[in-house]
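Q: Got final32.txt for you, compact mmCIF, C-alpha atoms:
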```
# COMPACT_ATOMS: atom_id res chain seq x y z
CA GLY D 1 90.27 48.13 88.39
CA ILE D 2 92.58 47.17 85.58
CA GLN D 3 94.11 50.01 83.57
CA VAL D 4 94.61 49.87 79.80
CA GLU D 5 96.91 52.28 77.98
CA GLN D 6 97.24 52.46 74.23
CA SER D 7 99.90 54.16 72.16
CA PRO D 8 100.23 56.14 70.07
CA PRO D 9 96.96 58.05 70.47
CA ASP D 10 97.10 59.20 66.85
CA LEU D 11 98.90 57.87 63.80
CA ILE D 12 98.97 59.11 60.22
CA LEU D 13 100.34 56.87 57.49
CA GLN D 14 100.72 56.84 53.77
CA GLU D 15 99.10 53.94 52.01
CA GLY D 16 101.46 50.97 51.91
CA ALA D 17 103.25 51.78 55.14
CA ASN D 18 103.50 49.42 58.12
CA SER D 19 102.62 50.26 61.70
CA THR D 20 102.65 48.87 65.22
CA LEU D 21 100.08 49.74 67.86
CA ARG D 22 100.73 48.99 71.50
CA CYS D 23 98.49 48.12 74.43
CA ASN D 24 99.79 48.00 78.01
CA PHE D 25 97.69 46.69 80.86
CA SER D 26 98.18 46.93 84.59
CA ASP D 27 97.32 43.41 85.77
CA SER D 28 97.04 39.84 84.58
CA VAL D 29 94.27 39.27 82.07
CA ASN D 30 91.95 36.43 81.13
CA ASN D 31 90.88 37.93 77.84
CA LEU D 32 92.33 40.48 75.44
CA GLN D 33 90.71 41.63 72.25
CA TRP D 34 91.58 44.09 69.50
CA PHE D 35 88.76 45.92 67.74
CA HIS D 36 88.60 48.26 64.79
CA GLN D 37 85.95 50.95 64.92
CA ASN D 38 85.36 52.02 61.36
CA PRO D 39 84.25 55.51 60.29
CA TRP D 40 80.63 54.31 60.41
CA GLY D 41 81.00 53.46 64.09
CA GLN D 42 80.93 49.69 63.83
CA LEU D 43 83.13 47.77 66.26
CA ILE D 44 84.77 44.98 64.31
CA ASN D 45 86.51 42.09 66.05
CA LEU D 46 90.09 41.75 64.92
CA PHE D 47 91.67 39.35 67.38
CA TYR D 48 90.84 37.46 70.53
CA ILE D 49 94.34 37.02 71.90
CA PRO D 50 94.91 36.63 75.66
CA SER D 51 98.36 35.24 74.84
CA GLY D 52 100.50 34.25 71.89
CA THR D 53 100.49 35.38 68.29
CA LYS D 54 97.81 35.34 65.61
CA GLN D 55 97.70 36.50 62.03
CA ASN D 56 94.85 37.40 59.75
CA GLY D 57 95.90 38.64 56.35
CA ARG D 58 97.79 41.91 56.66
CA LEU D 59 97.09 42.11 60.38
CA SER D 60 98.78 40.24 63.17
CA ALA D 61 98.82 40.51 66.94
CA THR D 62 101.05 39.36 69.76
CA THR D 63 100.26 39.32 73.45
CA VAL D 64 102.99 38.81 76.04
CA ALA D 65 100.85 38.25 79.09
CA THR D 66 103.77 37.94 81.51
CA GLU D 67 104.98 41.40 80.52
CA ARG D 68 101.48 42.85 80.29
CA TYR D 69 101.39 44.16 76.76
CA SER D 70 99.98 43.40 73.36
CA LEU D 71 100.98 44.62 69.92
CA LEU D 72 98.90 44.96 66.78
CA TYR D 73 100.80 45.01 63.48
CA ILE D 74 99.31 46.40 60.31
CA SER D 75 101.30 45.80 57.15
CA SER D 76 100.85 47.42 53.74
CA SER D 77 98.19 49.73 55.14
CA GLN D 78 95.18 50.70 53.04
CA THR D 79 92.80 53.64 53.30
CA THR D 80 90.12 51.23 54.54
CA ASP D 81 92.27 50.57 57.61
CA SER D 82 91.48 54.07 58.86
CA GLY D 83 89.53 54.32 62.08
CA VAL D 84 90.09 53.78 65.77
CA TYR D 85 91.79 50.66 67.09
CA PHE D 86 90.81 49.60 70.57
CA CYS D 87 92.46 47.17 72.91
CA ALA D 88 90.18 45.71 75.58
CA VAL D 89 90.92 43.34 78.44
CA VAL D 90 89.21 41.26 81.09
CA GLY D 91 91.07 40.80 84.34
CA GLY D 92 90.31 39.18 87.65
CA SER D 93 87.24 37.12 88.41
CA ASN D 94 84.70 39.19 86.53
CA TYR D 95 83.79 39.32 82.85
CA LYS D 96 83.93 43.08 82.34
CA LEU D 97 85.81 44.12 79.23
CA THR D 98 87.78 47.31 79.96
CA PHE D 99 88.72 49.41 76.95
CA GLY D 100 91.73 51.59 76.29
CA LYS D 101 91.21 55.04 74.80
CA GLY D 102 92.14 53.81 71.35
CA THR D 103 94.56 54.73 68.57
CA LEU D 104 93.15 56.91 65.80
CA LEU D 105 94.70 55.71 62.54
CA THR D 106 94.47 57.74 59.36
CA VAL D 107 95.78 56.20 56.16
CA ASN D 108 96.19 58.68 53.33
CA PRO D 109 96.16 57.64 49.66
CA ASP S 1 74.76 33.22 61.78
CA ALA S 2 73.17 36.52 62.72
CA GLY S 3 75.24 38.75 64.94
CA VAL S 4 74.04 40.89 67.83
CA ILE S 5 70.99 42.81 66.67
CA GLN S 6 70.11 46.21 68.09
CA SER S 7 67.19 48.50 67.51
CA PRO S 8 66.55 51.26 66.79
CA ARG S 9 69.73 52.25 64.96
CA HIS S 10 68.95 55.91 65.42
CA GLU S 11 66.67 57.63 67.89
CA VAL S 12 65.98 61.32 68.23
CA THR S 13 63.81 62.36 71.11
CA GLU S 14 63.05 65.34 73.31
CA MET S 15 64.20 65.81 76.85
CA GLY S 16 61.88 64.13 79.32
CA GLN S 17 60.73 61.38 76.98
CA GLU S 18 61.19 57.70 77.68
CA VAL S 19 63.69 55.85 75.49
CA THR S 20 63.86 52.08 75.08
CA LEU S 21 66.76 50.41 73.32
CA ARG S 22 66.56 46.75 72.37
CA CYS S 23 69.07 43.98 71.89
CA LYS S 24 69.01 40.41 70.65
CA PRO S 25 72.25 38.58 71.54
CA ILE S 26 73.88 35.84 69.52
CA SER S 27 72.11 32.54 70.10
CA GLY S 28 73.92 30.43 72.70
CA HIS S 29 75.73 33.33 74.29
CA ASP S 30 75.03 33.57 78.00
CA TYR S 31 76.65 36.93 78.72
CA LEU S 32 75.13 40.21 77.60
CA PHE S 33 76.65 43.64 78.03
CA TRP S 34 75.43 47.20 77.53
CA TYR S 35 78.07 49.83 76.75
CA ARG S 36 77.81 53.57 76.10
CA GLN S 37 80.23 55.49 73.92
CA THR S 38 80.76 59.24 74.02
CA MET S 39 83.60 61.43 72.83
CA MET S 40 84.35 62.59 76.34
CA ARG S 41 84.21 59.27 78.21
CA GLY S 42 84.97 56.69 75.55
CA LEU S 43 83.42 53.24 75.92
CA GLU S 44 81.83 52.66 79.32
CA LEU S 45 80.28 49.45 80.59
CA LEU S 46 76.83 50.16 81.97
CA ILE S 47 75.62 46.71 83.03
CA TYR S 48 76.10 43.06 82.22
CA PHE S 49 73.98 39.92 82.58
CA ASN S 50 74.83 36.26 82.92
CA ASN S 51 72.06 33.77 82.14
CA ASN S 52 69.56 36.66 82.16
CA VAL S 53 70.57 37.76 85.68
CA PRO S 54 72.15 41.21 86.20
CA ILE S 55 75.63 40.69 87.61
CA ASP S 56 77.12 44.17 87.77
CA ASP S 57 75.18 47.39 87.26
CA SER S 58 77.75 49.68 88.87
CA GLY S 59 78.21 51.53 85.60
CA MET S 60 74.59 52.60 85.31
CA PRO S 61 74.84 56.36 85.67
CA GLU S 62 71.71 56.98 87.74
CA ASP S 63 68.23 55.78 88.54
CA ARG S 64 66.89 57.08 85.27
CA PHE S 65 68.59 54.11 83.61
CA SER S 66 67.27 50.57 83.91
CA ALA S 67 67.99 47.34 82.05
CA LYS S 68 66.17 44.04 81.85
CA MET S 69 66.73 40.67 80.27
CA PRO S 70 63.45 38.76 80.42
CA ASN S 71 64.82 35.83 78.42
CA ALA S 72 67.99 34.59 76.75
CA SER S 73 67.22 36.26 73.44
CA PHE S 74 66.15 39.75 74.43
CA SER S 75 67.30 42.68 76.54
CA THR S 76 66.22 46.29 76.93
CA LEU S 77 67.90 49.42 78.19
CA LYS S 78 65.47 52.10 79.25
CA ILE S 79 66.06 55.75 80.04
CA GLN S 80 63.26 57.60 81.77
CA PRO S 81 63.22 60.57 81.68
CA SER S 82 65.86 61.22 79.06
CA GLU S 83 68.22 64.21 79.22
CA PRO S 84 70.49 65.83 76.59
CA ARG S 85 73.59 64.46 78.36
CA ASP S 86 72.33 60.94 77.63
CA SER S 87 73.08 61.51 73.94
CA ALA S 88 75.55 58.80 72.94
CA VAL S 89 75.91 55.57 71.02
CA TYR S 90 74.69 52.61 73.04
CA PHE S 91 76.19 49.24 72.19
CA CYS S 92 74.99 45.82 73.15
CA ALA S 93 77.43 42.92 73.12
CA SER S 94 77.31 39.23 73.90
CA SER S 95 79.77 36.46 74.63
CA PHE S 96 79.91 32.77 75.53
CA PRO S 97 82.12 33.85 77.60
CA GLY S 98 85.34 34.51 75.83
CA GLU S 99 85.29 36.60 72.71
CA LEU S 100 82.89 39.53 72.85
CA PHE S 101 80.80 40.49 69.82
CA PHE S 102 79.16 43.89 69.44
CA GLY S 103 76.00 45.00 67.74
CA GLU S 104 76.02 47.97 65.42
CA GLY S 105 74.87 50.33 68.15
CA SER S 106 71.93 52.64 68.74
CA ARG S 107 72.70 56.32 68.27
CA LEU S 108 70.59 58.35 70.69
CA THR S 109 70.12 62.09 70.42
CA VAL S 110 68.17 63.84 73.14
CA LEU S 111 67.19 67.40 72.25
```
The structure given in the file should be rewritten as structure tokens.

A:
Amino acid sequence: GIQVEQSPPDLILQEGANSTLRCNFSDSVNNLQWFHQNPWGQLINLFYIPSGTKQNGRLSATTVATERYSLLYISSSQTTDSGVYFCAVVGGSNYKLTFGKGTLLTVNP
Amino acid sequence: DAGVIQSPRHEVTEMGQEVTLRCKPISGHDYLFWYRQTMMRGLELLIYFNNNVPIDDSGMPEDRFSAKMPNASFSTLKIQPSEPRDSAVYFCASSFPGELFFGEGSRLTVL
């Protein structure tokens, strides 16, 4: 099946800093999503982005499907951004969303 | 609109007991997924349904696990008998297809 690799595995920032999270995938995809799992365990949809670029406030994402990667940008980070960021993809003819292992982000005040 | 609704949010039970987790997908969504999350294995897909029909149950760990979707607005995941290694957070998700939306999860602890 399709492989999803996220980097870095861990990231510690000071409040106000910017960051870039990366997601590489091993095959062409029909669907790519970014999620934020907050400290309470909720999985929050950030972006549905199988290709192109989207922005939502301080967050933006870019997927370059032909080169099999996606980037999540967080600008002016806040302590509430802490948590795990997951990239998940659907490839092939099925509808199974395969998750990466996530990036654990800690934003310190 | 209401999101994906799961119940119970927390369940503590003893080994050998039957556990039933419930899910109500978003209205109009025709795909429903059950995932399990543990520290060791991350997020694993257990089974998914399309139009109430199970499509892929290859992730169901063993025969103790079963899932049903009797109608478009309700699904259950049952574990019988439960074991301590089943302790995890179980997520239900639904989609149209396209973007997947998750419920808040059911945290299961088997003592």

Q: Using only C-alpha atoms, find the residues of chain D whose closest atom to chain S is at most 9 Å away, then write them as a compact mmCIF listing (two decimals) with C-alpha atoms, keeping the file's coordinate frame.

A:
```txt
# COMPACT_ATOMS: atom_id res chain seq x y z
CA ASN D 30 91.95 36.43 81.13
CA ASN D 31 90.88 37.93 77.84
CA LEU D 32 92.33 40.48 75.44
CA GLN D 33 90.71 41.63 72.25
CA GLY D 41 81.00 53.46 64.09
CA GLN D 42 80.93 49.69 63.83
CA LEU D 43 83.13 47.77 66.26
CA ILE D 44 84.77 44.98 64.31
CA ASN D 45 86.51 42.09 66.05
CA PHE D 47 91.67 39.35 67.38
CA TYR D 48 90.84 37.46 70.53
CA TYR D 95 83.79 39.32 82.85
CA LYS D 96 83.93 43.08 82.34
CA LEU D 97 85.81 44.12 79.23
CA THR D 98 87.78 47.31 79.96
CA PHE D 99 88.72 49.41 76.95
CA GLY D 100 91.73 51.59 76.29
CA LYS D 101 91.21 55.04 74.80
CA GLY D 102 92.14 53.81 71.35
```

Q: Would you place a box with edges along x, y and z of the file around all atoms of region 57-60 of chain S listed there, add 6 Å to each of its six sides, and report the centre and edge lengths in Å to one decimal, as AutoDock Vina command-line options?

A:
```
--center_x 76.4 --center_y 50.0 --center_z 87.1 --size_x 15.6 --size_y 17.2 --size_z 15.6
```

Q: When you count only C-alpha atoms, which of these residues is closest to Ile12 (chain D): D:Pro50, D:Gly57, D:Gly92, D:Pro109?

A: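 Result for the nearest residue to Ile12 (chain D): D:Pro109.
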
Q: Quick one: everything within 10 Å of Arg85 (chain S), counting all atoms listed in the file, minus sequence neighbours fewer than 6 positions away in the same chain. Send it as a short mmCIF file (atom, residue, chain, number, x, y, z; two decimals) with C-alpha atoms, keeping the file's coordinate frame.

A:
```
data_model
loop_
_atom_site.label_atom_id
_atom_site.label_comp_id
_atom_site.auth_asym_id
_atom_site.auth_seq_id
_atom_site.Cartn_x
_atom_site.Cartn_y
_atom_site.Cartn_z
CA MET S 15 64.20 65.81 76.85
CA THR S 38 80.76 59.24 74.02
CA THR S 109 70.12 62.09 70.42
CA VAL S 110 68.17 63.84 73.14
CA LEU S 111 67.19 67.40 72.25
#
```

Q: Using only C-alpha atoms, give me every residue within 8 Å of (93.3, 44.5, 85.7) in file coordinates, as a ChimeraX atom specification.

A: /D:1-3,25-29,89-92

Q: Would you mind telling me which residue in S:Met40, S:Lys24, S:Met60, S:Ser87 lies nearest to Ser73 (chain S) when using all atoms listed in the file?

A: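 Distance minimum relative to Ser73 (chain S) lands on S:Lys24.
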
Q: When you draw a straight line from CA of Gly16 (chain S) to CA of Ala88 (chain S), how long is it in Å?

A: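 Interatomic distance here is 16.0 Å.
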
Q: For CA of Phe86 (chain D) and CA of Glu83 (chain S), determine how far apart the two atoms are, in Å to one decimal place.

A: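 According to the coordinates, CA of Phe86 (chain D) and CA of Glu83 (chain S) are separated by 28.3 Å.
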
Q: What does the distance between CA of Val107 (chain D) and CA of Leu46 (chain D) come to in Å, to one decimal place?

A: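 Computed distance, CA of Val107 (chain D) to CA of Leu46 (chain D), equals 17.8 Å.
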
Q: Which residues are near Ala72 (chain S)? Cut-off 12 Å, only C-alpha atoms, ignore same chain within fewer than 5 positions. Put them as a list of chain:residue names.

A: S:Cys23, S:Lys24, S:Pro25, S:Ile26, S:Ser27, S:Gly28, S:His29, S:Asp30, S:Tyr31, S:Leu32, S:Phe49, S:Asn50, S:Asn51, S:Asn52, S:Val53, S:Ser94

Q: Between S:Leu46, S:Glu14, S:Gln37, S:Ser106, which has the minimum distance to Ala67 (chain S) (counting only C-alpha atoms)?

A: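 Among S:Leu46, S:Glu14, S:Gln37, S:Ser106, it is S:Leu46 that comes nearest to Ala67 (chain S).
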
Q: As a PDB file with C-alpha atoms, in the frame of the given file, please: the residues near Leu21 (chain D) (cut-off 10 Å, all atoms listed in the file, same-chain neighbours under 4 positions excluded).

A:
```pdb
ATOM      1  CA  GLN D   6      97.240  52.460  74.230  1.00  0.00           C
ATOM      2  CA  SER D   7      99.900  54.160  72.160  1.00  0.00           C
ATOM      3  CA  PRO D   8     100.230  56.140  70.070  1.00  0.00           C
ATOM      4  CA  PRO D   9      96.960  58.050  70.470  1.00  0.00           C
ATOM      5  CA  ASP D  10      97.100  59.200  66.850  1.00  0.00           C
ATOM      6  CA  LEU D  11      98.900  57.870  63.800  1.00  0.00           C
ATOM      7  CA  ALA D  61      98.820  40.510  66.940  1.00  0.00           C
ATOM      8  CA  SER D  70      99.980  43.400  73.360  1.00  0.00           C
ATOM      9  CA  LEU D  71     100.980  44.620  69.920  1.00  0.00           C
ATOM     10  CA  LEU D  72      98.900  44.960  66.780  1.00  0.00           C
ATOM     11  CA  TYR D  73     100.800  45.010  63.480  1.00  0.00           C
ATOM     12  CA  ILE D  74      99.310  46.400  60.310  1.00  0.00           C
ATOM     13  CA  TYR D  85      91.790  50.660  67.090  1.00  0.00           C
ATOM     14  CA  PHE D  86      90.810  49.600  70.570  1.00  0.00           C
ATOM     15  CA  CYS D  87      92.460  47.170  72.910  1.00  0.00           C
ATOM     16  CA  GLY D 102      92.140  53.810  71.350  1.00  0.00           C
ATOM     17  CA  THR D 103      94.560  54.730  68.570  1.00  0.00           C
ATOM     18  CA  LEU D 105      94.700  55.710  62.540  1.00  0.00           C
TER      19      LEU D 105
END
```

Q: I'd like to know which of S:Leu21, S:Leu108, S:Met69, S:Met39 is closest to Ile5 (chain S), using only C-alpha atoms.

A: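 Between S:Leu21, S:Leu108, S:Met69, S:Met39, the residue approaching Ile5 (chain S) most closely is S:Leu21.
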
Q: Could you check which of S:Arg64, S:Ala2, S:Trp34, S:Ser58 is closest to Asp86 (chain S), using all atoms listed in the file?

A: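 Using all atoms listed in the file, the shortest distance to Asp86 (chain S) belongs to S:Arg64.
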
Q: Can you save region 5-45 of chain S of the given block to a file, including N, CA and C atoms and formatted as a CSV table (one decimal), in the first residue's frame?

A:
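That gives us result_8.csv:
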```csv
chain,number,residue,atom,x,y,z
S,5,ILE,N,-21.1,11.8,15.3
S,5,ILE,CA,-21.4,11.6,16.7
S,5,ILE,C,-21.0,10.2,17.2
S,6,GLN,N,-20.2,10.1,18.2
S,6,GLN,CA,-19.8,8.8,18.7
S,6,GLN,C,-20.3,8.7,20.2
S,7,SER,N,-20.6,7.5,20.6
S,7,SER,CA,-20.8,7.2,22.0
S,7,SER,C,-20.4,5.8,22.3
S,8,PRO,N,-20.1,5.5,23.5
S,8,PRO,CA,-19.8,6.5,24.6
S,8,PRO,C,-18.5,7.2,24.4
S,9,ARG,N,-18.2,8.3,25.0
S,9,ARG,CA,-16.9,9.0,24.9
S,9,ARG,C,-15.9,8.2,25.7
S,10,HIS,N,-16.2,7.6,26.8
S,10,HIS,CA,-15.3,6.9,27.6
S,10,HIS,C,-16.0,5.6,28.0
S,11,GLU,N,-15.2,4.5,28.0
S,11,GLU,CA,-15.7,3.2,28.4
S,11,GLU,C,-14.6,2.5,29.2
S,12,VAL,N,-14.9,2.1,30.4
S,12,VAL,CA,-14.0,1.3,31.2
S,12,VAL,C,-14.7,0.0,31.5
S,13,THR,N,-14.1,-1.1,31.1
S,13,THR,CA,-14.7,-2.4,31.3
S,13,THR,C,-13.7,-3.4,31.7
S,14,GLU,N,-14.2,-4.6,32.1
S,14,GLU,CA,-13.2,-5.7,32.5
S,14,GLU,C,-13.1,-6.7,31.4
S,15,MET,N,-11.9,-7.3,31.4
S,15,MET,CA,-11.6,-8.3,30.4
S,15,MET,C,-12.7,-9.3,30.3
S,16,GLY,N,-13.0,-9.7,29.1
S,16,GLY,CA,-14.1,-10.7,28.9
S,16,GLY,C,-15.5,-10.1,28.6
S,17,GLN,N,-15.6,-8.8,28.9
S,17,GLN,CA,-16.9,-8.2,28.7
S,17,GLN,C,-17.1,-7.8,27.3
S,18,GLU,N,-18.4,-7.7,26.9
S,18,GLU,CA,-18.7,-7.2,25.5
S,18,GLU,C,-18.7,-5.7,25.5
S,19,VAL,N,-18.1,-5.1,24.5
S,19,VAL,CA,-18.1,-3.6,24.3
S,19,VAL,C,-18.8,-3.3,23.0
S,20,THR,N,-19.7,-2.3,23.0
S,20,THR,CA,-20.3,-1.8,21.8
S,20,THR,C,-20.1,-0.3,21.7
S,21,LEU,N,-19.5,0.1,20.6
S,21,LEU,CA,-19.3,1.5,20.3
S,21,LEU,C,-20.2,1.9,19.2
S,22,ARG,N,-20.7,3.1,19.3
S,22,ARG,CA,-21.7,3.6,18.3
S,22,ARG,C,-21.3,4.8,17.6
S,23,CYS,N,-21.8,5.0,16.4
S,23,CYS,CA,-21.5,6.1,15.5
S,23,CYS,C,-22.6,6.5,14.7
S,24,LYS,N,-22.8,7.8,14.6
S,24,LYS,CA,-23.8,8.4,13.7
S,24,LYS,C,-23.0,9.3,12.7
S,25,PRO,N,-23.0,8.9,11.4
S,25,PRO,CA,-22.2,9.8,10.5
S,25,PRO,C,-23.0,11.1,10.2
S,26,ILE,N,-22.3,11.9,9.4
S,26,ILE,CA,-22.9,13.1,8.9
S,26,ILE,C,-23.9,12.8,7.9
S,27,SER,N,-25.1,13.4,8.0
S,27,SER,CA,-26.2,13.2,7.1
S,27,SER,C,-25.7,13.4,5.6
S,28,GLY,N,-26.0,12.4,4.8
S,28,GLY,CA,-25.6,12.6,3.4
S,28,GLY,C,-24.3,11.9,3.0
S,29,HIS,N,-23.5,11.6,4.0
S,29,HIS,CA,-22.3,11.0,3.7
S,29,HIS,C,-22.5,9.5,3.5
S,30,ASP,N,-21.9,8.9,2.4
S,30,ASP,CA,-22.2,7.5,2.2
S,30,ASP,C,-21.0,6.6,2.4
S,31,TYR,N,-19.9,7.2,3.0
S,31,TYR,CA,-18.8,6.3,3.4
S,31,TYR,C,-18.6,6.5,4.9
S,32,LEU,N,-18.4,5.4,5.6
S,32,LEU,CA,-18.2,5.4,7.0
S,32,LEU,C,-17.0,4.5,7.4
S,33,PHE,N,-16.1,5.0,8.2
S,33,PHE,CA,-14.8,4.4,8.6
S,33,PHE,C,-14.7,4.2,10.1
S,34,TRP,N,-14.1,3.1,10.5
S,34,TRP,CA,-13.8,2.9,11.9
S,34,TRP,C,-12.2,2.9,12.0
S,35,TYR,N,-11.6,3.7,12.8
S,35,TYR,CA,-10.2,3.7,13.0
S,35,TYR,C,-9.9,3.5,14.5
S,36,ARG,N,-8.7,2.9,14.8
S,36,ARG,CA,-8.3,2.7,16.1
S,36,ARG,C,-6.9,3.5,16.3
S,37,GLN,N,-6.8,4.2,17.4
S,37,GLN,CA,-5.5,4.9,17.6
S,37,GLN,C,-4.9,4.4,18.9
S,38,THR,N,-3.6,3.9,18.8
S,38,THR,CA,-2.8,3.6,20.0
S,38,THR,C,-1.5,4.3,19.9
S,39,MET,N,-0.8,4.4,21.0
S,39,MET,CA,0.6,5.0,20.9
S,39,MET,C,1.5,4.1,20.1
S,40,MET,N,1.4,2.8,20.2
S,40,MET,CA,2.3,2.0,19.5
S,40,MET,C,2.1,1.9,18.0
S,41,ARG,N,0.8,1.9,17.6
S,41,ARG,CA,0.5,1.6,16.2
S,41,ARG,C,-0.1,2.8,15.4
S,42,GLY,N,-0.3,3.9,16.1
S,42,GLY,CA,-0.8,5.1,15.5
S,42,GLY,C,-2.3,4.9,15.1
S,43,LEU,N,-2.7,5.5,14.0
S,43,LEU,CA,-4.1,5.4,13.5
S,43,LEU,C,-4.2,4.3,12.5
S,44,GLU,N,-5.0,3.3,12.8
S,44,GLU,CA,-5.2,2.2,11.9
S,44,GLU,C,-6.6,2.1,11.5
S,45,LEU,N,-6.8,1.9,10.2
S,45,LEU,CA,-8.2,1.7,9.7
S,45,LEU,C,-8.6,0.2,10.0
```
